[in-house]
Amino acid sequence: REERAAIAEYAVNYLTGVPYHVTAGVWERLLPGGTVGGQQESCGSLTPGEGRNIPGGTHCSHLVWYAYYQFGYDLDSDGGIIVTPRDIAGSEKLMIIQKYGVG
């Protein structure tokens with residue numbers, strides 16, 4: 001419970017206001033050590049709550065994935081280039097409590 005609260009706090013403090021971008025995370029996965037919006041994107045290099053790496057753009061599922069990833073949880077079930085709601089729904093780290101539109 002405390003860690004989930006810390007992840008939510010990280011998202012509020014560091015991901016609020018990050019602009020929408022449908023291909024968020026694509027270039028970082030294709031080109032390790034790449035940058036987004038001029039800021040270094042080194043997913044997973046943070047200690048929990050450190051909050052120094054901020055993506056230059058995000059979208060709904062990327063935002064959730066990114067916040068959890070900063071705390072060591074990769075919710076992308078297929079490891080593809082883009083994180084989708086289906087990827088998160090398929091994560092073994094989560095439990096679906098309501099199913100709507102995800103097959």
# chains A, B, ... in the order shown; residues from 1 in each chain; ligands from 1

$ residues_around --residues "region 84-94 of chain A" --least-positions-apart "5" --cutoff "12 Å" --atoms "only C-alpha atoms" --output "PDB file with N, CA, C and O atoms, in the first residue's frame"
ATOM      1  N   VAL A  22       1.629  10.309 -28.764  1.00  0.00           N
ATOM      2  CA  VAL A  22       1.179   8.942 -29.027  1.00  0.00           C
ATOM      3  C   VAL A  22       2.331   7.942 -29.131  1.00  0.00           C
ATOM      4  O   VAL A  22       2.166   6.771 -28.791  1.00  0.00           O
ATOM      5  N   THR A  23       3.500   8.371 -29.559  1.00  0.00           N
ATOM      6  CA  THR A  23       4.630   7.446 -29.705  1.00  0.00           C
ATOM      7  C   THR A  23       5.613   7.551 -28.539  1.00  0.00           C
ATOM      8  O   THR A  23       6.782   7.204 -28.681  1.00  0.00           O
ATOM      9  N   ALA A  24       5.135   7.983 -27.394  1.00  0.00           N
ATOM     10  CA  ALA A  24       5.999   8.106 -26.222  1.00  0.00           C
ATOM     11  C   ALA A  24       6.726   6.796 -25.941  1.00  0.00           C
ATOM     12  O   ALA A  24       6.117   5.735 -25.929  1.00  0.00           O
ATOM     13  N   GLY A  25       8.027   6.885 -25.740  1.00  0.00           N
ATOM     14  CA  GLY A  25       8.834   5.721 -25.401  1.00  0.00           C
ATOM     15  C   GLY A  25       9.403   4.959 -26.582  1.00  0.00           C
ATOM     16  O   GLY A  25      10.283   4.122 -26.403  1.00  0.00           O
ATOM     17  N   VAL A  26       8.916   5.217 -27.784  1.00  0.00           N
ATOM     18  CA  VAL A  26       9.347   4.448 -28.954  1.00  0.00           C
ATOM     19  C   VAL A  26      10.843   4.591 -29.185  1.00  0.00           C
ATOM     20  O   VAL A  26      11.569   3.607 -29.287  1.00  0.00           O
ATOM     21  N   THR A  58       4.028  11.682 -23.251  1.00  0.00           N
ATOM     22  CA  THR A  58       3.454  10.454 -22.723  1.00  0.00           C
ATOM     23  C   THR A  58       2.034  10.280 -23.257  1.00  0.00           C
ATOM     24  O   THR A  58       1.493  11.167 -23.895  1.00  0.00           O
ATOM     25  N   HIS A  59       1.461   9.134 -23.008  1.00  0.00           N
ATOM     26  CA  HIS A  59       0.053   8.863 -23.303  1.00  0.00           C
ATOM     27  C   HIS A  59      -0.474   8.002 -22.174  1.00  0.00           C
ATOM     28  O   HIS A  59       0.278   7.613 -21.274  1.00  0.00           O
ATOM     29  N   CYS A  60      -1.764   7.696 -22.185  1.00  0.00           N
ATOM     30  CA  CYS A  60      -2.420   7.079 -21.025  1.00  0.00           C
ATOM     31  C   CYS A  60      -1.686   5.862 -20.467  1.00  0.00           C
ATOM     32  O   CYS A  60      -1.337   5.828 -19.287  1.00  0.00           O
ATOM     33  N   SER A  61      -1.440   4.870 -21.284  1.00  0.00           N
ATOM     34  CA  SER A  61      -0.811   3.656 -20.766  1.00  0.00           C
ATOM     35  C   SER A  61       0.683   3.856 -20.516  1.00  0.00           C
ATOM     36  O   SER A  61       1.233   3.279 -19.575  1.00  0.00           O
ATOM     37  N   HIS A  62       1.345   4.675 -21.306  1.00  0.00           N
ATOM     38  CA  HIS A  62       2.769   4.965 -21.086  1.00  0.00           C
ATOM     39  C   HIS A  62       2.960   5.655 -19.742  1.00  0.00           C
ATOM     40  O   HIS A  62       3.906   5.352 -19.012  1.00  0.00           O
ATOM     41  N   LEU A  63       2.060   6.560 -19.388  1.00  0.00           N
ATOM     42  CA  LEU A  63       2.165   7.275 -18.119  1.00  0.00           C
ATOM     43  C   LEU A  63       2.120   6.304 -16.943  1.00  0.00           C
ATOM     44  O   LEU A  63       2.953   6.374 -16.034  1.00  0.00           O
ATOM     45  N   VAL A  64       1.172   5.386 -16.970  1.00  0.00           N
ATOM     46  CA  VAL A  64       1.062   4.386 -15.902  1.00  0.00           C
ATOM     47  C   VAL A  64       2.302   3.502 -15.885  1.00  0.00           C
ATOM     48  O   VAL A  64       2.919   3.286 -14.832  1.00  0.00           O
ATOM     49  N   TRP A  65       2.684   2.982 -17.050  1.00  0.00           N
ATOM     50  CA  TRP A  65       3.874   2.125 -17.146  1.00  0.00           C
ATOM     51  C   TRP A  65       5.105   2.856 -16.634  1.00  0.00           C
ATOM     52  O   TRP A  65       5.886   2.300 -15.869  1.00  0.00           O
ATOM     53  N   TYR A  66       5.299   4.108 -17.056  1.00  0.00           N
ATOM     54  CA  TYR A  66       6.496   4.867 -16.715  1.00  0.00           C
ATOM     55  C   TYR A  66       6.619   5.075 -15.207  1.00  0.00           C
ATOM     56  O   TYR A  66       7.690   4.896 -14.637  1.00  0.00           O
ATOM     57  N   TYR A  68       5.322   3.267 -12.748  1.00  0.00           N
ATOM     58  CA  TYR A  68       5.661   1.990 -12.111  1.00  0.00           C
ATOM     59  C   TYR A  68       7.085   1.556 -12.432  1.00  0.00           C
ATOM     60  O   TYR A  68       7.784   1.007 -11.582  1.00  0.00           O
ATOM     61  N   TYR A  69       7.535   1.809 -13.654  1.00  0.00           N
ATOM     62  CA  TYR A  69       8.883   1.399 -14.064  1.00  0.00           C
ATOM     63  C   TYR A  69       9.962   2.080 -13.232  1.00  0.00           C
ATOM     64  O   TYR A  69      11.001   1.492 -12.952  1.00  0.00           O
ATOM     65  N   GLY A  72      10.783  -0.040 -10.412  1.00  0.00           N
ATOM     66  CA  GLY A  72      11.238  -1.400 -10.687  1.00  0.00           C
ATOM     67  C   GLY A  72      10.182  -2.360 -11.194  1.00  0.00           C
ATOM     68  O   GLY A  72      10.429  -3.564 -11.272  1.00  0.00           O
ATOM     69  N   TYR A  73       8.997  -1.869 -11.563  1.00  0.00           N
ATOM     70  CA  TYR A  73       7.923  -2.732 -12.057  1.00  0.00           C
ATOM     71  C   TYR A  73       7.689  -2.470 -13.538  1.00  0.00           C
ATOM     72  O   TYR A  73       7.224  -1.394 -13.913  1.00  0.00           O
ATOM     73  N   ASP A  74       7.988  -3.447 -14.380  1.00  0.00           N
ATOM     74  CA  ASP A  74       7.734  -3.315 -15.815  1.00  0.00           C
ATOM     75  C   ASP A  74       6.387  -3.968 -16.112  1.00  0.00           C
ATOM     76  O   ASP A  74       6.265  -5.191 -16.108  1.00  0.00           O
ATOM     77  N   LEU A  75       5.361  -3.156 -16.342  1.00  0.00           N
ATOM     78  CA  LEU A  75       4.007  -3.654 -16.576  1.00  0.00           C
ATOM     79  C   LEU A  75       3.726  -3.967 -18.040  1.00  0.00           C
ATOM     80  O   LEU A  75       2.609  -4.361 -18.383  1.00  0.00           O
ATOM     81  N   ASP A  76       4.713  -3.819 -18.917  1.00  0.00           N
ATOM     82  CA  ASP A  76       4.534  -4.090 -20.341  1.00  0.00           C
ATOM     83  C   ASP A  76       4.634  -5.594 -20.574  1.00  0.00           C
ATOM     84  O   ASP A  76       5.724  -6.158 -20.624  1.00  0.00           O
ATOM     85  N   SER A  77       3.494  -6.249 -20.738  1.00  0.00           N
ATOM     86  CA  SER A  77       3.468  -7.711 -20.807  1.00  0.00           C
ATOM     87  C   SER A  77       4.106  -8.289 -22.063  1.00  0.00           C
ATOM     88  O   SER A  77       4.537  -9.441 -22.051  1.00  0.00           O
ATOM     89  N   ASP A  78       4.187  -7.508 -23.150  1.00  0.00           N
ATOM     90  CA  ASP A  78       4.775  -8.086 -24.362  1.00  0.00           C
ATOM     91  C   ASP A  78       6.122  -7.484 -24.730  1.00  0.00           C
ATOM     92  O   ASP A  78       6.755  -7.918 -25.685  1.00  0.00           O
ATOM     93  N   GLY A  79       6.586  -6.477 -24.003  1.00  0.00           N
ATOM     94  CA  GLY A  79       7.901  -5.895 -24.266  1.00  0.00           C
ATOM     95  C   GLY A  79       8.008  -5.205 -25.616  1.00  0.00           C
ATOM     96  O   GLY A  79       9.100  -4.974 -26.110  1.00  0.00           O
ATOM     97  N   LYS A  99     -13.404  -6.022 -16.352  1.00  0.00           N
ATOM     98  CA  LYS A  99     -12.985  -6.204 -17.742  1.00  0.00           C
ATOM     99  C   LYS A  99     -13.989  -5.518 -18.646  1.00  0.00           C
ATOM    100  O   LYS A  99     -15.166  -5.845 -18.644  1.00  0.00           O
ATOM    101  N   TYR A 100     -13.487  -4.556 -19.412  1.00  0.00           N
ATOM    102  CA  TYR A 100     -14.319  -3.855 -20.364  1.00  0.00           C
ATOM    103  C   TYR A 100     -13.476  -3.463 -21.553  1.00  0.00           C
ATOM    104  O   TYR A 100     -12.536  -2.675 -21.405  1.00  0.00           O
ATOM    105  N   GLY A 101     -13.711  -4.028 -22.703  1.00  0.00           N
ATOM    106  CA  GLY A 101     -12.999  -3.660 -23.910  1.00  0.00           C
ATOM    107  C   GLY A 101     -11.603  -4.242 -24.050  1.00  0.00           C
ATOM    108  O   GLY A 101     -10.896  -3.899 -24.964  1.00  0.00           O
ATOM    109  N   VAL A 102     -11.176  -5.087 -23.137  1.00  0.00           N
ATOM    110  CA  VAL A 102      -9.863  -5.720 -23.233  1.00  0.00           C
ATOM    111  C   VAL A 102     -10.110  -7.207 -23.360  1.00  0.00           C
ATOM    112  O   VAL A 102     -10.703  -7.810 -22.484  1.00  0.00           O
ATOM    113  N   GLY A 103      -9.658  -7.775 -24.480  1.00  0.00           N
ATOM    114  CA  GLY A 103      -9.964  -9.190 -24.719  1.00  0.00           C
ATOM    115  C   GLY A 103      -8.886 -10.134 -24.374  1.00  0.00           C
ATOM    116  O   GLY A 103      -7.821 -10.027 -24.041  1.00  0.00           O
TER     117      GLY A 103
END

$ atom_distance --atom1 "CA of Ile96 (chain A)" --atom2 "CA of Val12 (chain A)"
23.3 Å

$ residues_around --residues "Leu15 (chain A)" --least-positions-apart "3" --cutoff "10 Å" --atoms "only C-alpha atoms" --output "VMD selection string"
chain A and resid 8 to 12 18 to 19 51 53 to 58 63 to 64 66 to 67

$ atom_distance --atom1 "CA of Ile82 (chain A)" --atom2 "CA of Gln70 (chain A)"
16.9 Å

$ atom_distance --atom1 "CA of Arg1 (chain A)" --atom2 "CA of Met95 (chain A)"
15.0 Å
